[in-house]
Amino acid sequence: MAVGVEYVEKVYNRYSKFYDLIFGKVFHSGREMAPYLLDLRPGMQLLEVGVGTGLSLPILPRNIRITGIDLSQKMLDQAQQRLKDEGLEDIELFKMDATHLELPDNSYDRVLAAYFISTVPEPVKVISEMKRVCRPGGYLVFLNHFRNENPVIGFFEKILSPLFYRVGFRTDLDVYRLMEECGLEIETLERIDFLGHWKAVRCINPLKEE
Ligand SMILES: C[S@@+](CC[C@H](N)C(=O)[O-])C[C@H]1O[C@@H](n2cnc3c(N)ncnc32)[C@H](O)[C@@H]1O
């Protein structure tokens with residue numbers, strides 16, 4: 001795919017001011033599924049990759065430790081302002097490329113990717129980083145648009161994908177193929193919207209090979 005990380009960063013820097021207006025409410029029912037899919041217990045460590053403007057953060061429980069990372073400084077600036085407004089300043093935010101997470105192995109109990117994995121040029125590499133930083137037996141949760149099982153819709157999603165990617169996300173990611181390629185078994189898969197264009201997926205991080 002011709003689009004690189006620098007291009008994605010530029011696109012989301014541009015979106016930052018009006019992101020909440022366009023993608024706030026429309027994706028919110030999915031974000032609201034995150035706490036139960038993550039099954040968070042007190043004291044757990046959660047990483048949100050592609051945290052954006054931090055729309056998921058106020059929904060998450062307060063008795064865990066949360067770190068958010070994003071490529072776009074302008075999206076993070078909006079997130080930081082949200083943390084200030086909502087009194088959530090114990091949440092840590094870092095500018096980081098999820099393709100090369102500057103975080104130690106096995107350091108999180110849960111990793112959340114909300115409306116994120118279809119925005120990255122190298123989803124397999126990013127998921128391998130998510131697996132690396134998550135402890136074995138921890139949960140990886142994805143909220144995302146995935147290619148539709150209906151062959152006609154899926155066909156159009158595939159051919160239109162390069163076009164959509166110019167505006168920030170691809171439409172051709174096949175959830176089953178992607179997870180298989182990443183060595184992940186899908187534990188639960190739920191529709192977010194009635195037609196199933198958007199899905200909530202939970203995988204358990206497998207034991208790591210020595
Ligand atoms: C569609 S937004 C989703 C934001 C947020 N999770 C939400 O629910 O609204 C995708 C975010 O992923 C970030 N992103 C894209 N590629 C990235 C990468 N390689 N590393 C870190 N963040 C990335 C973008 O900057 C953007 O903020």
# chains A, B, ... in the order shown; residues from 1 in each chain; ligands from 1

$ residues_around --residues "Asn144 (chain A)" --least-positions-apart "3" --cutoff "10 Å" --atoms "only C-alpha atoms" --output "ChimeraX atom specification"
/A:27,30,113-119,141,147,171,173,175,191-192,197-201

$ residues_near_ligand --ligand "ligand 1" --cutoff "9 Å" --atoms "only C-alpha atoms and all ligand atoms" --output "JSON, numbers by chain"
{"A": [4, 5, 6, 8, 9, 10, 11, 12, 13, 15, 16, 19, 20, 23, 24, 27, 28, 30, 31, 48, 49, 50, 51, 52, 53, 54, 55, 56, 69, 70, 71, 72, 73, 74, 75, 76, 95, 96, 97, 98, 99, 100, 101, 112, 113, 114, 115, 116, 117, 118, 119, 120, 121, 122, 123, 126, 143, 168, 169]}

$ select_by_dssp --residues "region 65-204 of chain A" --states "alpha helix (DSSP H)" --output "JSON, numbers by chain"
{"A": [73, 74, 75, 76, 77, 78, 79, 80, 81, 82, 83, 84, 85, 86, 123, 124, 125, 126, 127, 128, 129, 130, 131, 132, 133, 151, 152, 153, 154, 155, 156, 157, 158, 159, 160, 161, 162, 163, 164, 165, 166, 175, 176, 177, 178, 179, 180, 181]}

$ write_last_selection --atoms "C-alpha atoms" --output "PDB file, in the first residue's frame"
ATOM      1  CA  GLN A  73       0.530  15.301  18.170  1.00  0.00           C
ATOM      2  CA  LYS A  74      -2.524  17.392  17.319  1.00  0.00           C
ATOM      3  CA  MET A  75      -4.905  14.520  18.160  1.00  0.00           C
ATOM      4  CA  LEU A  76      -2.975  14.053  21.429  1.00  0.00           C
ATOM      5  CA  ASP A  77      -3.292  17.777  22.219  1.00  0.00           C
ATOM      6  CA  GLN A  78      -7.073  17.398  22.027  1.00  0.00           C
ATOM      7  CA  ALA A  79      -6.865  14.284  24.231  1.00  0.00           C
ATOM      8  CA  GLN A  80      -4.734  16.142  26.789  1.00  0.00           C
ATOM      9  CA  GLN A  81      -7.304  18.938  26.932  1.00  0.00           C
ATOM     10  CA  ARG A  82     -10.045  16.334  27.511  1.00  0.00           C
ATOM     11  CA  LEU A  83      -8.065  14.832  30.403  1.00  0.00           C
ATOM     12  CA  LYS A  84      -7.727  18.296  31.937  1.00  0.00           C
ATOM     13  CA  ASP A  85     -11.442  19.103  31.470  1.00  0.00           C
ATOM     14  CA  GLU A  86     -12.556  15.778  32.930  1.00  0.00           C
ATOM     15  CA  PRO A 123      -1.626  -3.761  10.564  1.00  0.00           C
ATOM     16  CA  VAL A 124       0.213  -7.097  10.972  1.00  0.00           C
ATOM     17  CA  LYS A 125       3.324  -5.348  12.308  1.00  0.00           C
ATOM     18  CA  VAL A 126       1.209  -3.201  14.633  1.00  0.00           C
ATOM     19  CA  ILE A 127      -0.674  -6.225  16.013  1.00  0.00           C
ATOM     20  CA  SER A 128       2.626  -8.021  16.596  1.00  0.00           C
ATOM     21  CA  GLU A 129       3.699  -5.008  18.690  1.00  0.00           C
ATOM     22  CA  MET A 130       0.370  -5.068  20.570  1.00  0.00           C
ATOM     23  CA  LYS A 131       0.992  -8.774  21.313  1.00  0.00           C
ATOM     24  CA  ARG A 132       4.555  -8.089  22.424  1.00  0.00           C
ATOM     25  CA  VAL A 133       3.612  -5.456  25.012  1.00  0.00           C
ATOM     26  CA  PRO A 151     -19.446 -10.830  -1.277  1.00  0.00           C
ATOM     27  CA  VAL A 152     -21.006  -7.897  -3.182  1.00  0.00           C
ATOM     28  CA  ILE A 153     -20.466  -5.383  -0.371  1.00  0.00           C
ATOM     29  CA  GLY A 154     -17.022  -6.917   0.297  1.00  0.00           C
ATOM     30  CA  PHE A 155     -16.082  -6.509  -3.377  1.00  0.00           C
ATOM     31  CA  PHE A 156     -16.925  -2.803  -3.354  1.00  0.00           C
ATOM     32  CA  GLU A 157     -15.142  -2.315  -0.026  1.00  0.00           C
ATOM     33  CA  LYS A 158     -12.041  -3.862  -1.570  1.00  0.00           C
ATOM     34  CA  ILE A 159     -11.976  -1.789  -4.743  1.00  0.00           C
ATOM     35  CA  LEU A 160     -12.831   1.453  -2.927  1.00  0.00           C
ATOM     36  CA  SER A 161     -10.275   0.857  -0.175  1.00  0.00           C
ATOM     37  CA  PRO A 162      -7.340   2.803  -1.743  1.00  0.00           C
ATOM     38  CA  LEU A 163      -9.673   5.778  -2.130  1.00  0.00           C
ATOM     39  CA  PHE A 164     -10.836   5.632   1.480  1.00  0.00           C
ATOM     40  CA  TYR A 165      -7.241   5.267   2.622  1.00  0.00           C
ATOM     41  CA  ARG A 166      -6.453   8.687   1.188  1.00  0.00           C
ATOM     42  CA  VAL A 175     -10.836  -9.754  10.254  1.00  0.00           C
ATOM     43  CA  TYR A 176     -10.472 -13.556  10.009  1.00  0.00           C
ATOM     44  CA  ARG A 177      -7.484 -13.437   7.658  1.00  0.00           C
ATOM     45  CA  LEU A 178      -5.813 -10.649   9.633  1.00  0.00           C
ATOM     46  CA  MET A 179      -6.090 -12.425  12.980  1.00  0.00           C
ATOM     47  CA  GLU A 180      -4.909 -15.705  11.487  1.00  0.00           C
ATOM     48  CA  GLU A 181      -1.909 -13.965   9.943  1.00  0.00           C
TER      49      GLU A 181
END

$ select_by_dssp --residues "region 84-165 of chain A" --states "strand (DSSP E or B)" --output "MDAnalysis selection string"
chainID A and resid 92:95 108:114 134:145

$ write_last_selection --atoms "C-alpha atoms" --output "tab-separated table (two decimals), in the first residue's frame"
chain	number	residue	atom	x	y	z
A	92	GLU	CA	-0.48	9.08	30.50
A	93	LEU	CA	-0.32	10.03	26.83
A	94	PHE	CA	2.67	9.63	24.53
A	95	LYS	CA	3.41	10.44	20.91
A	108	TYR	CA	0.00	-4.45	29.88
A	109	ASP	CA	-2.94	-6.63	30.92
A	110	ARG	CA	-5.17	-5.22	28.19
A	111	VAL	CA	-4.60	-3.47	24.86
A	112	LEU	CA	-7.41	-1.56	23.15
A	113	ALA	CA	-7.44	-0.56	19.46
A	114	ALA	CA	-10.59	1.52	18.87
A	134	CYS	CA	0.58	-7.41	26.28
A	135	ARG	CA	1.20	-10.18	28.81
A	136	PRO	CA	0.34	-13.75	27.81
A	137	GLY	CA	-3.32	-14.38	28.65
A	138	GLY	CA	-4.07	-10.62	28.42
A	139	TYR	CA	-6.80	-9.33	26.12
A	140	LEU	CA	-6.46	-7.52	22.80
A	141	VAL	CA	-9.69	-5.73	21.88
A	142	PHE	CA	-10.41	-4.29	18.45
A	143	LEU	CA	-13.35	-2.06	17.55
A	144	ASN	CA	-13.26	-1.55	13.82
A	145	HIS	CA	-14.74	-1.64	10.39

$ residues_around --residues "region 37-44 of chain A" --least-positions-apart "2" --cutoff "6 Å" --atoms "only C-alpha atoms" --output "VMD selection string"
chain A and resid 34 to 35 63 to 64

$ closest_residue --among "A:Gln45, A:Leu195, A:Glu102, A:Glu32" --to "Leu60 (chain A)" --atoms "only C-alpha atoms"
A:Glu32

$ atom_distance --atom1 "CA of Phe194 (chain A)" --atom2 "CA of Phe18 (chain A)"
26.3 Å
